[in-house]
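Okay, so here's the structure we're looking at.
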Amino acid sequence: MDLTVLGSGSAMPVPDRAQAGYLLEDGGRSLLVDCGEGVLHRLSDTDPGYEGVSTVLLTHHHLDHVATLLPLVKARWLAGEEHLEVVGPSGTKALVDGLLGVHEYLDGRIDLGIREVSASRSFAAAGFDVAARETRHSMDGLAYRFAPPSADLDPADGPLTLSGDTEAFAGMASFADGSDLLVHDCSFPDGTDVSNHPTPTSLGESLAGVDVDRLLLSHLYPHTGGREREMARSVREAGFDGTVEVASDGLRVDVPTRS
Ligand SMILES: [Zn+2]
Ligand SMILES: [Zn+2]
């Protein structure tokens, strides 16, 4: 299973980071997770492109995670693609209906499926098996853990976890425990007065003793510019003992599955 970081940024733009977006690929299957501003351009530079992505999974409905939802619909329509499924937490149907209410000319152009999911049961999206849990953020949302298609693996034991936007807390750490790769919100450097997002120290403390091989810090605000190495070091010093990296747009990670 391959993960490509399409957008490692946040709601405050910087030139080299698009807003939130990730592409999962495995055996010809492609799943887009979140689609903030800039993500569609990054997606056009991947093998599947927007033509090859027919399922979008949303972590929550903040603008920096959904801004290119309708641009994706329009791009697929213009490219002759006939459908798109949008999967997300409660409220996803109302969101899409509202967007189409503003941009009526897009309504009915492609076959648009909407599916709302919750943490209470795992589900499939674009062939990937997915487990979910609630985040702690200024808006309700879901973190996801993934098992590759046909892996015959409970997604709660899957190799990849994406936190979405969330504070660091023990429940999220245990949700990710055993992952090969955890991509976690680390919006701000230490010393920032922030709620609803972690700092490196709070994230490292929450992950102390948790079995995660590789941690990718993402959802980076401009405040993190030039402080990336310090942030990775702070996470380790606070107690996380796996590998820590700071995400960048275009980074592609081959996520192994433990046997
Ligand atoms: Zn966000
Ligand atoms: Zn958010």
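So you can find residues: chains in the structure tokens are A, B, ... in the order shown, residues in each start at 1, and ligands are numbered from 1 in order.
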Produce as a PyMOL selection string the set of residues near ligand 1, where near means within 10 Å with only C-alpha atoms and all ligand atoms considered. chain A and resi 8-12+19-21+34+36+59-66+137-138+164-166+185+187+197+218-221
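Atom CA of A:Leu58 to atom CA of A:Gly113 spans 13.5 Å [interatomic distance, one decimal].
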With DSSP run on the backbone, what are the alpha helix (DSSP H) residues within stretch 13-247 of chain A? I'd like them as a ChimeraX atom specification. /A:39-44,63-66,69-78,92-102,170-176,200-206,228-237
Export, as a PDB file, in the first residue's frame, the selected residues with C-alpha atoms.
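The resulting file, part32.pdb, is reproduced below:
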ATOM      1  CA  VAL A  39      -4.967  19.010  -3.678  1.00  0.00           C
ATOM      2  CA  LEU A  40      -6.571  18.665  -7.100  1.00  0.00           C
ATOM      3  CA  HIS A  41      -3.443  20.081  -8.735  1.00  0.00           C
ATOM      4  CA  ARG A  42      -1.226  17.721  -6.783  1.00  0.00           C
ATOM      5  CA  LEU A  43      -3.545  14.836  -7.682  1.00  0.00           C
ATOM      6  CA  SER A  44      -3.230  15.692 -11.371  1.00  0.00           C
ATOM      7  CA  LEU A  63     -12.822  24.039   4.458  1.00  0.00           C
ATOM      8  CA  ASP A  64      -9.144  23.056   4.302  1.00  0.00           C
ATOM      9  CA  HIS A  65     -10.311  19.424   3.932  1.00  0.00           C
ATOM     10  CA  VAL A  66     -13.213  19.830   1.496  1.00  0.00           C
ATOM     11  CA  LEU A  69     -14.750  18.623  -3.568  1.00  0.00           C
ATOM     12  CA  LEU A  70     -16.814  20.361  -6.237  1.00  0.00           C
ATOM     13  CA  PRO A  71     -13.775  21.181  -8.387  1.00  0.00           C
ATOM     14  CA  LEU A  72     -13.126  17.418  -8.366  1.00  0.00           C
ATOM     15  CA  VAL A  73     -16.711  16.761  -9.446  1.00  0.00           C
ATOM     16  CA  LYS A  74     -16.346  19.255 -12.270  1.00  0.00           C
ATOM     17  CA  ALA A  75     -12.942  17.942 -13.369  1.00  0.00           C
ATOM     18  CA  ARG A  76     -14.256  14.378 -13.506  1.00  0.00           C
ATOM     19  CA  TRP A  77     -17.339  15.465 -15.427  1.00  0.00           C
ATOM     20  CA  LEU A  78     -15.210  17.333 -17.986  1.00  0.00           C
ATOM     21  CA  THR A  92     -21.467  14.785   4.645  1.00  0.00           C
ATOM     22  CA  LYS A  93     -24.729  14.585   2.694  1.00  0.00           C
ATOM     23  CA  ALA A  94     -25.825  17.985   3.962  1.00  0.00           C
ATOM     24  CA  LEU A  95     -22.434  19.406   3.022  1.00  0.00           C
ATOM     25  CA  VAL A  96     -22.553  18.095  -0.541  1.00  0.00           C
ATOM     26  CA  ASP A  97     -26.210  19.089  -0.970  1.00  0.00           C
ATOM     27  CA  GLY A  98     -25.331  22.571   0.239  1.00  0.00           C
ATOM     28  CA  LEU A  99     -22.410  22.901  -2.159  1.00  0.00           C
ATOM     29  CA  LEU A 100     -24.570  21.730  -5.055  1.00  0.00           C
ATOM     30  CA  GLY A 101     -27.214  24.215  -3.980  1.00  0.00           C
ATOM     31  CA  VAL A 102     -24.707  26.982  -4.612  1.00  0.00           C
ATOM     32  CA  ALA A 170      -4.623   8.497  24.664  1.00  0.00           C
ATOM     33  CA  GLY A 171      -7.608   7.219  22.700  1.00  0.00           C
ATOM     34  CA  MET A 172      -6.030   8.267  19.415  1.00  0.00           C
ATOM     35  CA  ALA A 173      -2.713   6.733  20.435  1.00  0.00           C
ATOM     36  CA  SER A 174      -4.356   3.401  21.212  1.00  0.00           C
ATOM     37  CA  PHE A 175      -6.320   3.567  17.930  1.00  0.00           C
ATOM     38  CA  ALA A 176      -2.967   3.870  16.096  1.00  0.00           C
ATOM     39  CA  PRO A 200       5.097  18.185  19.209  1.00  0.00           C
ATOM     40  CA  THR A 201       5.464  17.722  22.948  1.00  0.00           C
ATOM     41  CA  SER A 202       1.808  16.888  23.549  1.00  0.00           C
ATOM     42  CA  LEU A 203       1.904  14.479  20.604  1.00  0.00           C
ATOM     43  CA  GLY A 204       5.090  12.783  21.799  1.00  0.00           C
ATOM     44  CA  GLU A 205       3.688  12.428  25.310  1.00  0.00           C
ATOM     45  CA  SER A 206       0.507  10.811  24.002  1.00  0.00           C
ATOM     46  CA  GLU A 228      10.728  21.101  11.382  1.00  0.00           C
ATOM     47  CA  ARG A 229      13.809  19.430  12.868  1.00  0.00           C
ATOM     48  CA  GLU A 230      13.125  20.886  16.280  1.00  0.00           C
ATOM     49  CA  MET A 231       9.542  19.576  16.095  1.00  0.00           C
ATOM     50  CA  ALA A 232      10.640  16.045  15.225  1.00  0.00           C
ATOM     51  CA  ARG A 233      13.173  16.126  18.049  1.00  0.00           C
ATOM     52  CA  SER A 234      10.544  17.372  20.531  1.00  0.00           C
ATOM     53  CA  VAL A 235       8.211  14.490  19.680  1.00  0.00           C
ATOM     54  CA  ARG A 236      10.983  11.999  20.434  1.00  0.00           C
ATOM     55  CA  GLU A 237      12.120  13.783  23.587  1.00  0.00           C
TER      56      GLU A 237
END
Quick one: residues within 7 Å of A:Pro256, only C-alpha atoms, excluding same-chain residues fewer than 5 positions away - as an MDAnalysis selection string? chainID A and resid 1 159 180
Selected residue, from A:Val244, A:Pro189, A:Gly108, A:Pro48, that lies nearest to A:Gly226 when counting only C-alpha atoms: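 Among A:Val244, A:Pro189, A:Gly108, A:Pro48, it is A:Pro189 that comes nearest to A:Gly226.
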For ligand 2, which residue out of A:Leu215, A:Ala208, A:Val56, A:Cys186 is the nearest one, using only C-alpha atoms and all ligand atoms?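 Looking at the shortest contact to ligand 2, the residue is A:Cys186.
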Can you tell me how far atom CA of A:Leu142 sits from atom CA of A:Ser163, in Å to one decimal? 7.6 Å
Best match for closeness to ligand 2 among A:Val53, A:Met139, A:Val14, A:Val87, counting only C-alpha atoms and all ligand atoms: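 Ranking A:Val53, A:Met139, A:Val14, A:Val87 by distance to ligand 2, first place goes to A:Met139.
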From the options A:Thr55, A:Asn196, A:Thr135, A:Thr257, which residue's atoms come nearest to A:Ser179, counting only C-alpha atoms? A:Thr257
Which one of A:Ala238, A:Leu57, A:Ala147, A:Val194 sits closest to A:Asp2 if you count only C-alpha atoms?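 Nearest to A:Asp2: A:Ala147.
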Would you mind writing down, as a ChimeraX atom specification, each residue of stretch 58-138 of chain A that DSSP on the backbone assigns to strand (DSSP E)? /A:83-88,111-116,123-125,128-134
From the list A:Glu134, A:Gly91, A:Glu85, A:Asp129, which residue is nearest A:Asp111 when using only C-alpha atoms?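 The closest residue to A:Asp111 is A:Glu85.
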